[in-house]
file protein09.pdb (PDB, C-alpha atoms, pLDDT in the B column)
ATOM      1  CA  MET Y 186     -15.390  11.461 -26.078  1.00 54.00           C
ATOM      2  CA  ALA Y 187     -18.244  11.114 -23.592  1.00 62.00           C
ATOM      3  CA  ALA Y 188     -19.071   7.659 -24.929  1.00 65.00           C
ATOM      4  CA  GLU Y 189     -15.420   6.590 -24.675  1.00 67.00           C
ATOM      5  CA  ALA Y 190     -15.191   7.867 -21.103  1.00 64.00           C
ATOM      6  CA  GLU Y 191     -18.390   6.057 -20.188  1.00 68.00           C
ATOM      7  CA  GLY Y 192     -17.090   2.852 -21.753  1.00 73.00           C
ATOM      8  CA  LEU Y 193     -13.822   3.138 -19.830  1.00 77.00           C
ATOM      9  CA  LEU Y 194     -15.674   3.732 -16.557  1.00 75.00           C
ATOM     10  CA  LYS Y 195     -17.847   0.700 -17.195  1.00 80.00           C
ATOM     11  CA  ARG Y 196     -14.844  -1.521 -17.907  1.00 80.00           C
ATOM     12  CA  VAL Y 197     -13.253  -0.386 -14.639  1.00 78.00           C
ATOM     13  CA  LEU Y 198     -16.340  -0.876 -12.479  1.00 82.00           C
ATOM     14  CA  VAL Y 199     -18.003  -3.937 -14.073  1.00 84.00           C
ATOM     15  CA  PRO Y 200     -17.726  -6.609 -12.768  1.00 81.00           C
ATOM     16  CA  ILE Y 201     -14.942  -5.753 -10.298  1.00 84.00           C
ATOM     17  CA  LEU Y 202     -16.987  -3.367  -8.139  1.00 87.00           C
ATOM     18  CA  LEU Y 203     -20.518  -3.524  -9.559  1.00 87.00           C
ATOM     19  CA  PRO Y 204     -22.708  -5.968 -11.479  1.00 88.00           C
ATOM     20  CA  GLU Y 205     -23.906  -4.546 -14.785  1.00 89.00           C
ATOM     21  CA  LYS Y 206     -27.464  -4.017 -13.561  1.00 91.00           C
ATOM     22  CA  CYS Y 207     -26.173  -1.830 -10.719  1.00 91.00           C
ATOM     23  CA  TYR Y 208     -23.939   0.109 -13.079  1.00 88.00           C
ATOM     24  CA  ASP Y 209     -26.990   0.858 -15.246  1.00 89.00           C
ATOM     25  CA  GLN Y 210     -29.038   1.740 -12.168  1.00 90.00           C
ATOM     26  CA  ILE Y 211     -26.494   4.259 -10.869  1.00 89.00           C
ATOM     27  CA  PHE Y 212     -24.738   5.624 -13.959  1.00 87.00           C
ATOM     28  CA  VAL Y 213     -27.401   5.262 -16.674  1.00 86.00           C
ATOM     29  CA  GLN Y 214     -30.599   5.917 -14.754  1.00 88.00           C
ATOM     30  CA  TRP Y 215     -28.720   8.158 -12.304  1.00 89.00           C
ATOM     31  CA  ASP Y 216     -30.365   6.550  -9.290  1.00 88.00           C
ATOM     32  CA  LEU Y 217     -27.559   7.607  -6.962  1.00 87.00           C
ATOM     33  CA  LEU Y 218     -29.432   6.589  -3.806  1.00 87.00           C
ATOM     34  CA  HIS Y 219     -30.191   3.005  -4.813  1.00 89.00           C
ATOM     35  CA  VAL Y 220     -29.336   1.381  -1.474  1.00 92.00           C
ATOM     36  CA  PRO Y 221     -28.803  -2.278  -2.550  1.00 92.00           C
ATOM     37  CA  CYS Y 222     -26.347  -1.254  -5.282  1.00 92.00           C
ATOM     38  CA  LEU Y 223     -24.582   1.199  -2.984  1.00 92.00           C
ATOM     39  CA  LYS Y 224     -24.130  -1.617  -0.460  1.00 92.00           C
ATOM     40  CA  ILE Y 225     -22.557  -3.785  -3.142  1.00 91.00           C
ATOM     41  CA  LEU Y 226     -20.220  -0.962  -4.189  1.00 91.00           C
ATOM     42  CA  LEU Y 227     -19.215  -0.242  -0.581  1.00 93.00           C
ATOM     43  CA  SER Y 228     -18.705  -3.925   0.216  1.00 93.00           C
ATOM     44  CA  LYS Y 229     -16.629  -4.615  -2.897  1.00 92.00           C
ATOM     45  CA  GLY Y 230     -14.552  -1.474  -2.339  1.00 92.00           C
ATOM     46  CA  LEU Y 231     -13.916  -2.313   1.308  1.00 94.00           C
ATOM     47  CA  GLY Y 232     -13.141  -5.935   0.477  1.00 93.00           C
ATOM     48  CA  LEU Y 233     -10.598  -5.098  -2.208  1.00 93.00           C
ATOM     49  CA  GLY Y 234      -9.100  -2.432   0.051  1.00 94.00           C
ATOM     50  CA  ILE Y 235      -8.659  -4.981   2.837  1.00 95.00           C
ATOM     51  CA  VAL Y 236      -7.052  -7.455   0.429  1.00 95.00           C
ATOM     52  CA  ALA Y 237      -4.661  -4.783  -0.861  1.00 94.00           C
ATOM     53  CA  GLY Y 238      -3.816  -3.651   2.672  1.00 94.00           C
ATOM     54  CA  SER Y 239      -3.154  -7.234   3.760  1.00 94.00           C
ATOM     55  CA  LEU Y 240      -0.098  -7.292   1.501  1.00 93.00           C
ATOM     56  CA  LEU Y 241       1.667  -5.079   4.051  1.00 92.00           C
ATOM     57  CA  VAL Y 242      -0.318  -5.344   7.277  1.00 94.00           C
ATOM     58  CA  LYS Y 243       2.039  -7.712   9.127  1.00 95.00           C
ATOM     59  CA  LEU Y 244       5.276  -6.274   7.787  1.00 95.00           C
ATOM     60  CA  PRO Y 245       5.584  -3.812  10.720  1.00 96.00           C
ATOM     61  CA  GLN Y 246       5.506  -6.864  13.023  1.00 95.00           C
ATOM     62  CA  VAL Y 247       8.185  -8.597  10.947  1.00 95.00           C
ATOM     63  CA  PHE Y 248      10.411  -5.507  10.947  1.00 95.00           C
ATOM     64  CA  LYS Y 249       9.950  -4.978  14.688  1.00 95.00           C
ATOM     65  CA  ILE Y 250      11.106  -8.527  15.421  1.00 94.00           C
ATOM     66  CA  LEU Y 251      14.079  -8.143  13.065  1.00 94.00           C
ATOM     67  CA  GLY Y 252      15.003  -4.764  14.521  1.00 94.00           C
ATOM     68  CA  ALA Y 253      14.917  -6.026  18.109  1.00 92.00           C
ATOM     69  CA  LYS Y 254      16.433  -9.404  17.176  1.00 92.00           C
ATOM     70  CA  SER Y 255      13.894 -10.806  19.606  1.00 92.00           C
ATOM     71  CA  ALA Y 256      10.363 -12.225  19.621  1.00 90.00           C
ATOM     72  CA  GLU Y 257       9.900 -11.460  23.329  1.00 90.00           C
ATOM     73  CA  GLY Y 258       6.246 -11.388  24.307  1.00 91.00           C
ATOM     74  CA  LEU Y 259       4.881 -13.140  21.204  1.00 93.00           C
ATOM     75  CA  SER Y 260       2.940 -16.359  21.787  1.00 91.00           C
ATOM     76  CA  LEU Y 261       4.119 -19.050  19.383  1.00 89.00           C
ATOM     77  CA  LYS Y 262       1.018 -21.138  20.094  1.00 89.00           C
ATOM     78  CA  SER Y 263      -1.209 -18.231  19.160  1.00 91.00           C
ATOM     79  CA  VAL Y 264       0.657 -17.573  15.904  1.00 91.00           C
ATOM     80  CA  MET Y 265       0.614 -21.266  14.939  1.00 89.00           C
ATOM     81  CA  LEU Y 266      -3.112 -21.587  15.601  1.00 88.00           C
ATOM     82  CA  GLU Y 267      -3.719 -18.394  13.633  1.00 90.00           C
ATOM     83  CA  LEU Y 268      -1.878 -20.019  10.734  1.00 88.00           C
ATOM     84  CA  VAL Y 269      -4.206 -23.038  10.931  1.00 85.00           C
ATOM     85  CA  ALA Y 270      -7.247 -20.750  11.050  1.00 86.00           C
ATOM     86  CA  LEU Y 271      -6.118 -18.610   8.102  1.00 88.00           C
ATOM     87  CA  THR Y 272      -5.420 -21.679   5.979  1.00 86.00           C
ATOM     88  CA  GLY Y 273      -8.807 -23.118   6.896  1.00 84.00           C
ATOM     89  CA  THR Y 274     -10.629 -19.882   6.091  1.00 87.00           C
ATOM     90  CA  MET Y 275      -8.945 -19.698   2.696  1.00 88.00           C
ATOM     91  CA  VAL Y 276      -9.807 -23.306   1.772  1.00 86.00           C
ATOM     92  CA  TYR Y 277     -13.360 -22.987   3.118  1.00 87.00           C
ATOM     93  CA  SER Y 278     -13.921 -19.852   1.024  1.00 89.00           C
ATOM     94  CA  ILE Y 279     -12.521 -21.407  -2.151  1.00 90.00           C
ATOM     95  CA  ILE Y 280     -14.647 -24.534  -1.812  1.00 88.00           C
ATOM     96  CA  ASN Y 281     -17.760 -22.413  -1.227  1.00 88.00           C
ATOM     97  CA  ASN Y 282     -16.941 -20.235  -4.265  1.00 91.00           C
ATOM     98  CA  PHE Y 283     -16.900 -17.006  -2.277  1.00 91.00           C
ATOM     99  CA  PRO Y 284     -15.590 -14.002  -4.248  1.00 91.00           C
ATOM    100  CA  PHE Y 285     -11.870 -13.275  -3.802  1.00 93.00           C
ATOM    101  CA  SER Y 286     -12.679  -9.829  -2.412  1.00 91.00           C
ATOM    102  CA  SER Y 287     -14.341 -11.522   0.593  1.00 91.00           C
ATOM    103  CA  TRP Y 288     -11.388 -13.676   1.673  1.00 92.00           C
ATOM    104  CA  GLY Y 289      -8.244 -12.762  -0.326  1.00 93.00           C
ATOM    105  CA  GLU Y 290      -6.427 -11.271   2.645  1.00 94.00           C
ATOM    106  CA  ALA Y 291      -6.281 -14.752   4.243  1.00 93.00           C
ATOM    107  CA  LEU Y 292      -3.774 -15.815   1.572  1.00 93.00           C
ATOM    108  CA  PHE Y 293      -1.408 -12.881   2.144  1.00 95.00           C
ATOM    109  CA  LEU Y 294      -1.809 -12.949   5.938  1.00 95.00           C
ATOM    110  CA  MET Y 295      -1.004 -16.667   5.888  1.00 92.00           C
ATOM    111  CA  LEU Y 296       2.287 -16.050   4.068  1.00 93.00           C
ATOM    112  CA  GLN Y 297       3.257 -13.262   6.473  1.00 95.00           C
ATOM    113  CA  THR Y 298       2.246 -15.390   9.477  1.00 94.00           C
ATOM    114  CA  VAL Y 299       4.571 -18.162   8.272  1.00 92.00           C
ATOM    115  CA  THR Y 300       7.384 -15.579   8.250  1.00 93.00           C
ATOM    116  CA  ILE Y 301       6.559 -14.469  11.803  1.00 94.00           C
ATOM    117  CA  CYS Y 302       6.478 -18.105  12.967  1.00 91.00           C
ATOM    118  CA  PHE Y 303       9.900 -18.673  11.426  1.00 90.00           C
ATOM    119  CA  LEU Y 304      11.326 -15.567  13.113  1.00 92.00           C
ATOM    120  CA  ILE Y 305       9.954 -16.584  16.526  1.00 92.00           C
ATOM    121  CA  LEU Y 306      11.526 -20.023  16.127  1.00 90.00           C
ATOM    122  CA  LEU Y 307      14.779 -18.498  14.834  1.00 89.00           C
ATOM    123  CA  TYR Y 308      15.252 -16.215  17.820  1.00 89.00           C
ATOM    124  CA  ARG Y 309      14.404 -19.068  20.183  1.00 86.00           C
ATOM    125  CA  GLY Y 310      16.941 -21.346  18.532  1.00 83.00           C
ATOM    126  CA  GLN Y 311      14.253 -23.842  17.494  1.00 73.00           C
ATOM    127  CA  THR Y 312      14.329 -23.406  13.712  1.00 69.00           C
ATOM    128  CA  VAL Y 313      14.953 -27.048  12.773  1.00 59.00           C
ATOM    129  CA  LYS Y 314      12.449 -28.453  15.238  1.00 58.00           C
ATOM    130  CA  GLY Y 315       9.858 -25.839  14.343  1.00 55.00           C
ATOM    131  CA  ALA Y 316       9.952 -26.497  10.588  1.00 62.00           C
ATOM    132  CA  GLY Y 317       7.925 -29.657  11.093  1.00 60.00           C
ATOM    133  CA  ASP Y 318       5.430 -27.827  13.292  1.00 58.00           C
ATOM    134  CA  LEU Y 319       4.919 -25.191  10.596  1.00 60.00           C
ATOM    135  CA  GLU Y 320       4.280 -27.873   7.988  1.00 60.00           C
ATOM    136  CA  GLN Y 321       1.744 -29.555  10.268  1.00 59.00           C
ATOM    137  CA  ALA Y 322      -0.029 -26.252  10.958  1.00 57.00           C
ATOM    138  CA  VAL Y 323      -0.557 -25.579   7.242  1.00 57.00           C
ATOM    139  CA  ALA Y 324      -1.595 -29.204   6.644  1.00 56.00           C
ATOM    140  CA  LEU Y 325      -4.188 -29.061   9.434  1.00 54.00           C
ATOM    141  CA  GLY Y 326      -5.905 -26.181   7.688  1.00 50.00           C
ATOM    142  CA  SER Y 327      -6.109 -28.001   4.364  1.00 54.00           C
ATOM    143  CA  PRO Y 328      -8.839 -30.438   3.311  1.00 54.00           C
ATOM    144  CA  ALA Y 329      -6.341 -33.322   3.174  1.00 50.00           C
ATOM    145  CA  GLY Y 330      -5.341 -32.678   6.759  1.00 49.00           C
ATOM    146  CA  ASN Y 331      -8.785 -32.815   8.329  1.00 47.00           C
ATOM    147  CA  SER Y 332     -11.076 -35.011   6.253  1.00 44.00           C
ATOM    148  CA  GLY Y 333     -12.958 -32.400   4.330  1.00 40.00           C
ATOM    149  CA  LEU Y 334     -12.841 -29.093   6.199  1.00 47.00           C
ATOM    150  CA  GLY Y 335     -13.979 -30.422   9.556  1.00 49.00           C
ATOM    151  CA  LEU Y 336     -11.124 -28.903  11.554  1.00 47.00           C
ATOM    152  CA  GLN Y 337     -11.146 -25.438  10.049  1.00 47.00           C
ATOM    153  CA  ARG Y 338     -14.912 -25.232  10.557  1.00 49.00           C
ATOM    154  CA  LEU Y 339     -14.282 -26.154  14.188  1.00 46.00           C
ATOM    155  CA  MET Y 340     -11.349 -23.754  14.568  1.00 45.00           C
ATOM    156  CA  ARG Y 341     -13.330 -20.880  13.082  1.00 46.00           C
ATOM    157  CA  THR Y 342     -16.663 -21.530  14.775  1.00 46.00           C
ATOM    158  CA  PRO Y 343     -17.514 -18.364  16.742  1.00 41.00           C
ATOM    159  CA  CYS Y 344     -18.378 -20.234  19.937  1.00 41.00           C
ATOM    160  CA  LEU Y 345     -14.760 -21.406  20.250  1.00 47.00           C
ATOM    161  CA  PRO Y 346     -11.875 -19.262  21.516  1.00 56.00           C
ATOM    162  CA  ASP Y 347      -9.987 -17.254  18.910  1.00 71.00           C
ATOM    163  CA  PRO Y 348      -6.252 -18.094  18.691  1.00 81.00           C
ATOM    164  CA  LYS Y 349      -5.492 -14.476  19.585  1.00 88.00           C
ATOM    165  CA  LEU Y 350      -6.821 -15.094  23.093  1.00 90.00           C
ATOM    166  CA  LEU Y 351      -3.585 -16.989  23.730  1.00 91.00           C
ATOM    167  CA  GLN Y 352      -1.651 -13.843  22.826  1.00 93.00           C
ATOM    168  CA  ALA Y 353      -3.886 -11.805  25.130  1.00 94.00           C
ATOM    169  CA  ALA Y 354      -3.198 -14.301  27.944  1.00 93.00           C
ATOM    170  CA  THR Y 355       0.549 -14.057  27.258  1.00 93.00           C
ATOM    171  CA  ASN Y 356       0.393 -10.259  27.453  1.00 94.00           C
ATOM    172  CA  TYR Y 357      -1.450 -10.427  30.764  1.00 94.00           C
ATOM    173  CA  HIS Y 358       0.961 -13.003  32.182  1.00 93.00           C
ATOM    174  CA  ASN Y 359       4.034 -10.983  31.139  1.00 93.00           C
ATOM    175  CA  GLY Y 360       2.644  -7.606  32.127  1.00 93.00           C
ATOM    176  CA  HIS Y 361       3.747  -6.140  28.790  1.00 93.00           C
ATOM    177  CA  THR Y 362       3.176  -6.675  25.063  1.00 93.00           C
ATOM    178  CA  GLY Y 363       6.831  -7.288  24.206  1.00 91.00           C
ATOM    179  CA  GLN Y 364       7.612  -6.960  20.509  1.00 91.00           C
ATOM    180  CA  LEU Y 365       3.991  -6.767  19.346  1.00 94.00           C
ATOM    181  CA  SER Y 366       3.612  -4.135  16.629  1.00 94.00           C
ATOM    182  CA  ALA Y 367       0.944  -1.542  17.420  1.00 95.00           C
ATOM    183  CA  ILE Y 368       0.548  -0.731  13.709  1.00 95.00           C
ATOM    184  CA  THR Y 369      -0.173  -4.357  12.826  1.00 95.00           C
ATOM    185  CA  VAL Y 370      -2.570  -4.851  15.741  1.00 95.00           C
ATOM    186  CA  PHE Y 371      -4.650  -1.752  14.996  1.00 96.00           C
ATOM    187  CA  LEU Y 372      -4.770  -2.495  11.256  1.00 95.00           C
ATOM    188  CA  LEU Y 373      -5.972  -6.031  11.967  1.00 94.00           C
ATOM    189  CA  PHE Y 374      -8.607  -4.655  14.342  1.00 96.00           C
ATOM    190  CA  GLY Y 375      -9.939  -2.228  11.742  1.00 95.00           C
ATOM    191  CA  GLY Y 376      -9.866  -4.856   9.002  1.00 94.00           C
ATOM    192  CA  SER Y 377     -11.785  -7.417  11.045  1.00 94.00           C
ATOM    193  CA  LEU Y 378     -14.477  -4.848  11.858  1.00 95.00           C
ATOM    194  CA  ALA Y 379     -14.916  -4.031   8.159  1.00 95.00           C
ATOM    195  CA  ARG Y 380     -14.982  -7.742   7.321  1.00 94.00           C
ATOM    196  CA  ILE Y 381     -18.167  -8.230   9.368  1.00 94.00           C
ATOM    197  CA  PHE Y 382     -20.059  -6.057   6.874  1.00 94.00           C
ATOM    198  CA  THR Y 383     -18.381  -7.467   3.757  1.00 94.00           C
ATOM    199  CA  SER Y 384     -18.937 -11.081   4.877  1.00 93.00           C
ATOM    200  CA  ILE Y 385     -22.639 -10.484   5.396  1.00 93.00           C
ATOM    201  CA  GLN Y 386     -22.948  -8.618   2.111  1.00 92.00           C
ATOM    202  CA  GLU Y 387     -20.822 -10.827  -0.146  1.00 91.00           C
ATOM    203  CA  THR Y 388     -21.152 -14.339   1.284  1.00 91.00           C
ATOM    204  CA  GLY Y 389     -24.292 -14.381   3.435  1.00 90.00           C
ATOM    205  CA  ASP Y 390     -22.499 -17.080   5.450  1.00 90.00           C
ATOM    206  CA  PRO Y 391     -23.186 -16.743   9.205  1.00 90.00           C
ATOM    207  CA  LEU Y 392     -20.048 -18.765   9.996  1.00 87.00           C
ATOM    208  CA  MET Y 393     -17.828 -16.277   8.161  1.00 88.00           C
ATOM    209  CA  ALA Y 394     -19.593 -13.262   9.642  1.00 90.00           C
ATOM    210  CA  GLY Y 395     -19.512 -14.762  13.140  1.00 89.00           C
ATOM    211  CA  THR Y 396     -15.817 -15.507  12.755  1.00 88.00           C
ATOM    212  CA  PHE Y 397     -15.053 -11.847  12.164  1.00 92.00           C
ATOM    213  CA  VAL Y 398     -17.259 -10.757  15.066  1.00 92.00           C
ATOM    214  CA  VAL Y 399     -15.144 -12.919  17.381  1.00 90.00           C
ATOM    215  CA  SER Y 400     -11.924 -11.837  15.636  1.00 91.00           C
ATOM    216  CA  SER Y 401     -12.856  -8.171  16.074  1.00 94.00           C
ATOM    217  CA  PHE Y 402     -13.437  -8.680  19.787  1.00 94.00           C
ATOM    218  CA  CYS Y 403     -10.078 -10.452  20.237  1.00 93.00           C
ATOM    219  CA  ASN Y 404      -8.165  -7.928  18.113  1.00 94.00           C
ATOM    220  CA  GLY Y 405      -9.838  -5.158  20.101  1.00 96.00           C
ATOM    221  CA  LEU Y 406      -8.766  -6.802  23.356  1.00 96.00           C
ATOM    222  CA  ILE Y 407      -5.127  -6.945  22.228  1.00 96.00           C
ATOM    223  CA  ALA Y 408      -5.328  -3.341  20.995  1.00 96.00           C
ATOM    224  CA  ALA Y 409      -6.617  -2.328  24.434  1.00 97.00           C
ATOM    225  CA  GLN Y 410      -3.737  -4.202  26.080  1.00 96.00           C
ATOM    226  CA  LEU Y 411      -1.253  -2.366  23.851  1.00 95.00           C
ATOM    227  CA  LEU Y 412      -2.618   0.940  25.107  1.00 96.00           C
ATOM    228  CA  PHE Y 413      -2.754  -0.247  28.717  1.00 96.00           C
ATOM    229  CA  TYR Y 414       0.830  -1.596  28.687  1.00 94.00           C
ATOM    230  CA  TRP Y 415       2.163   1.179  26.438  1.00 93.00           C
ATOM    231  CA  ASN Y 416       4.745   2.406  28.967  1.00 89.00           C
ATOM    232  CA  ALA Y 417       5.549  -1.024  30.413  1.00 86.00           C
ATOM    233  CA  LYS Y 418       9.208  -1.944  30.137  1.00 80.00           C
ATOM    234  CA  VAL Y 419      10.282  -5.299  28.736  1.00 74.00           C
ATOM    235  CA  PRO Y 420      12.641  -6.877  31.281  1.00 73.00           C
ATOM    236  CA  HIS Y 421      16.215  -7.485  30.128  1.00 62.00           C
ATOM    237  CA  LYS Y 422      16.041 -11.044  31.321  1.00 53.00           C
ATOM    238  CA  LYS Y 423      13.519 -12.746  29.064  1.00 49.00           C
ATOM    239  CA  LYS Y 424      10.704 -14.588  30.658  1.00 45.00           C
ATOM    240  CA  LYS Y 425       9.712 -17.957  29.322  1.00 45.00           C
ATOM    241  CA  GLU Y 426       7.303 -17.299  26.490  1.00 44.00           C
ATOM    242  CA  GLN Y 427       4.219 -19.383  25.999  1.00 44.00           C
TER
END
call {"tool": "encode", "arguments": {"input": "protein09.pdb", "output": "structure tokens"}}
result
Amino acid sequence: MAAEAEGLLKRVLVPILLPEKCYDQIFVQWDLLHVPCLKILLSKGLGLGIVAGSLLVKLPQVFKILGAKSAEGLSLKSVMLELVALTGTMVYSIINNFPFSSWGEALFLMLQTVTICFLILLYRGQTVKGAGDLEQAVALGSPAGNSGLGLQRLMRTPCLPDPKLLQAATNYHNGHTGQLSAITVFLLFGGSLARIFTSIQETGDPLMAGTFVVSSFCNGLIAAQLLFYWNAKVPHKKKKEQ
């Protein structure tokens, strides 16, 4: 029975969460304080948790827009540029053979971002016109759309503004956060903070790590605005959204 249980544990952990040498180090030699292997276990666990959470992270935003039948306060430019950046990150990670646990949420966030873009366009009465813009945004993030990853490297270089800064500017201009979902914003903030560690641990790519440093700052800024404008009332007459 003990051997069967050990075999089952090994099949669960190797190679999803631990390489075999780390499994032996921790569970055979019982070196429970082996720091390098513990870092791998923590990074893999966090990464897979972020990927799993990304399946639902933007749904509160989708439901809030549907419930209000309005996308008041959401910056379409910011959402479109985020779509370009997510597509670029996904393609960049695939081409560099990064493990799925280090970038998988980009795929699910991209699909949910497309939905949010569609809803913004729908409630602005620009669905037909915006369909072409959505197609262009996804194409820009792909290798075919930018001659071999040049644009997504540029879009995701830490020295350049994060697309979410446009949303922060929209919030400041409006004096409220409109239909932004607090749940989605705070989950994205926490996920981007955790991604700094997992990117360093799993990819060793300074571009990826730097991206999430900038993303954490911008998500934190929007989270702070949500708290600051928490009691601000959205005017009945909609202002022109950016």
call {"tool": "closest_residue", "arguments": {"input": "protein09.pdb", "among": "Y:Gly405, Y:Glu290, Y:Ala256, Y:Tyr208", "to": "Y:Arg196", "atoms": "all atoms listed in the file"}}
result
Y:Tyr208
call {"tool": "resolve_selection", "arguments": {"input": "protein09.pdb", "expression": "the PyMOL selection byres ((chain Y and resi 412-422) around 12)", "output": "number ranges by chain"}}
result
Y: 253, 255-258, 353, 356-368, 370-371, 405-411, 423-426
call {"tool": "write_last_selection", "arguments": {"input": "protein09.pdb", "atoms": "C-alpha atoms", "output": "mmCIF file, in the coordinates of the input"}}
result
data_model
loop_
_atom_site.group_PDB
_atom_site.id
_atom_site.type_symbol
_atom_site.label_atom_id
_atom_site.label_comp_id
_atom_site.auth_asym_id
_atom_site.auth_seq_id
_atom_site.Cartn_x
_atom_site.Cartn_y
_atom_site.Cartn_z
ATOM 1 C CA ALA Y 253 14.917 -6.026 18.109
ATOM 2 C CA SER Y 255 13.894 -10.806 19.606
ATOM 3 C CA ALA Y 256 10.363 -12.225 19.621
ATOM 4 C CA GLU Y 257 9.900 -11.460 23.329
ATOM 5 C CA GLY Y 258 6.246 -11.388 24.307
ATOM 6 C CA ALA Y 353 -3.886 -11.805 25.130
ATOM 7 C CA ASN Y 356 0.393 -10.259 27.453
ATOM 8 C CA TYR Y 357 -1.450 -10.427 30.764
ATOM 9 C CA HIS Y 358 0.961 -13.003 32.182
ATOM 10 C CA ASN Y 359 4.034 -10.983 31.139
ATOM 11 C CA GLY Y 360 2.644 -7.606 32.127
ATOM 12 C CA HIS Y 361 3.747 -6.140 28.790
ATOM 13 C CA THR Y 362 3.176 -6.675 25.063
ATOM 14 C CA GLY Y 363 6.831 -7.288 24.206
ATOM 15 C CA GLN Y 364 7.612 -6.960 20.509
ATOM 16 C CA LEU Y 365 3.991 -6.767 19.346
ATOM 17 C CA SER Y 366 3.612 -4.135 16.629
ATOM 18 C CA ALA Y 367 0.944 -1.542 17.420
ATOM 19 C CA ILE Y 368 0.548 -0.731 13.709
ATOM 20 C CA VAL Y 370 -2.570 -4.851 15.741
ATOM 21 C CA PHE Y 371 -4.650 -1.752 14.996
ATOM 22 C CA GLY Y 405 -9.838 -5.158 20.101
ATOM 23 C CA LEU Y 406 -8.766 -6.802 23.356
ATOM 24 C CA ILE Y 407 -5.127 -6.945 22.228
ATOM 25 C CA ALA Y 408 -5.328 -3.341 20.995
ATOM 26 C CA ALA Y 409 -6.617 -2.328 24.434
ATOM 27 C CA GLN Y 410 -3.737 -4.202 26.080
ATOM 28 C CA LEU Y 411 -1.253 -2.366 23.851
ATOM 29 C CA LYS Y 423 13.519 -12.746 29.064
ATOM 30 C CA LYS Y 424 10.704 -14.588 30.658
ATOM 31 C CA LYS Y 425 9.712 -17.957 29.322
ATOM 32 C CA GLU Y 426 7.303 -17.299 26.490
#
call {"tool": "resolve_selection", "arguments": {"input": "protein09.pdb", "expression": "the PyMOL selection byres ((chain Y and resi 245) around 12)", "output": "ChimeraX atom specification"}}
result
/Y:239-244,246-252,297,301,364-373
call {"tool": "closest_residue", "arguments": {"input": "protein09.pdb", "among": "Y:Pro348, Y:Gly192, Y:Pro200, Y:Gly230", "to": "Y:Val213", "atoms": "all atoms listed in the file"}}
result
Y:Gly192
call {"tool": "residues_around", "arguments": {"input": "protein09.pdb", "residues": "stretch 217-225 of chain Y", "least_positions_apart": "3", "cutoff": "7 Å", "atoms": "all atoms listed in the file", "output": "number ranges by chain"}}
result
Y: 203, 207, 211, 228-229
call {"tool": "closest_residue", "arguments": {"input": "protein09.pdb", "among": "Y:Gly395, Y:Phe402, Y:Phe303, Y:Phe285", "to": "Y:Ile235", "atoms": "all atoms listed in the file"}}
result
Y:Phe285
call {"tool": "atom_distance", "arguments": {"input": "protein09.pdb", "atom1": "atom CA of Y:Asp347", "atom2": "atom CA of Y:Gln386"}}
result
22.9 Å
call {"tool": "resolve_selection", "arguments": {"input": "protein09.pdb", "expression": "the PyMOL selection byres ((chain Y and resi 260) around 7)", "output": "list in words"}}
result
Gly258, Leu259, Leu261, Lys262, Ser263, Val264, Leu351, Gln352, Thr355, Glu426 and Gln427 of chain Y
call {"tool": "atom_distance", "arguments": {"input": "protein09.pdb", "atom1": "atom CA of Y:Ile385", "atom2": "atom CA of Y:Cys403"}}
result
19.4 Å
call {"tool": "decode", "arguments": {"input": "protein09.pdb", "residues": "stretch 359-366 of chain Y", "atoms": "N, CA, C and O atoms", "output": "PDB file, in the first residue's frame"}}
result
ATOM      1  N   ASN Y 359     -12.642  61.015 -16.030  1.00  0.00           N
ATOM      2  CA  ASN Y 359     -14.067  60.909 -15.713  1.00  0.00           C
ATOM      3  C   ASN Y 359     -14.385  61.227 -14.256  1.00  0.00           C
ATOM      4  O   ASN Y 359     -15.513  61.580 -13.929  1.00  0.00           O
ATOM      5  N   GLY Y 360     -13.410  61.022 -13.391  1.00  0.00           N
ATOM      6  CA  GLY Y 360     -13.646  61.214 -11.966  1.00  0.00           C
ATOM      7  C   GLY Y 360     -14.383  60.046 -11.328  1.00  0.00           C
ATOM      8  O   GLY Y 360     -14.909  60.155 -10.222  1.00  0.00           O
ATOM      9  N   HIS Y 361     -14.417  58.923 -12.023  1.00  0.00           N
ATOM     10  CA  HIS Y 361     -15.023  57.695 -11.494  1.00  0.00           C
ATOM     11  C   HIS Y 361     -14.466  56.523 -12.300  1.00  0.00           C
ATOM     12  O   HIS Y 361     -13.807  56.708 -13.320  1.00  0.00           O
ATOM     13  N   THR Y 362     -14.743  55.304 -11.838  1.00  0.00           N
ATOM     14  CA  THR Y 362     -14.245  54.118 -12.544  1.00  0.00           C
ATOM     15  C   THR Y 362     -15.341  53.416 -13.332  1.00  0.00           C
ATOM     16  O   THR Y 362     -15.110  52.330 -13.869  1.00  0.00           O
ATOM     17  N   GLY Y 363     -16.520  54.019 -13.408  1.00  0.00           N
ATOM     18  CA  GLY Y 363     -17.585  53.492 -14.252  1.00  0.00           C
ATOM     19  C   GLY Y 363     -17.933  52.045 -13.937  1.00  0.00           C
ATOM     20  O   GLY Y 363     -18.143  51.663 -12.792  1.00  0.00           O
ATOM     21  N   GLN Y 364     -17.936  51.214 -14.982  1.00  0.00           N
ATOM     22  CA  GLN Y 364     -18.341  49.821 -14.838  1.00  0.00           C
ATOM     23  C   GLN Y 364     -17.152  48.879 -14.631  1.00  0.00           C
ATOM     24  O   GLN Y 364     -17.287  47.665 -14.818  1.00  0.00           O
ATOM     25  N   LEU Y 365     -16.011  49.411 -14.223  1.00  0.00           N
ATOM     26  CA  LEU Y 365     -14.876  48.542 -13.912  1.00  0.00           C
ATOM     27  C   LEU Y 365     -15.232  47.613 -12.751  1.00  0.00           C
ATOM     28  O   LEU Y 365     -15.789  48.051 -11.744  1.00  0.00           O
ATOM     29  N   SER Y 366     -14.865  46.351 -12.881  1.00  0.00           N
ATOM     30  CA  SER Y 366     -15.148  45.374 -11.829  1.00  0.00           C
ATOM     31  C   SER Y 366     -13.997  45.338 -10.823  1.00  0.00           C
ATOM     32  O   SER Y 366     -12.844  45.060 -11.187  1.00  0.00           O
TER      33      SER Y 366
END
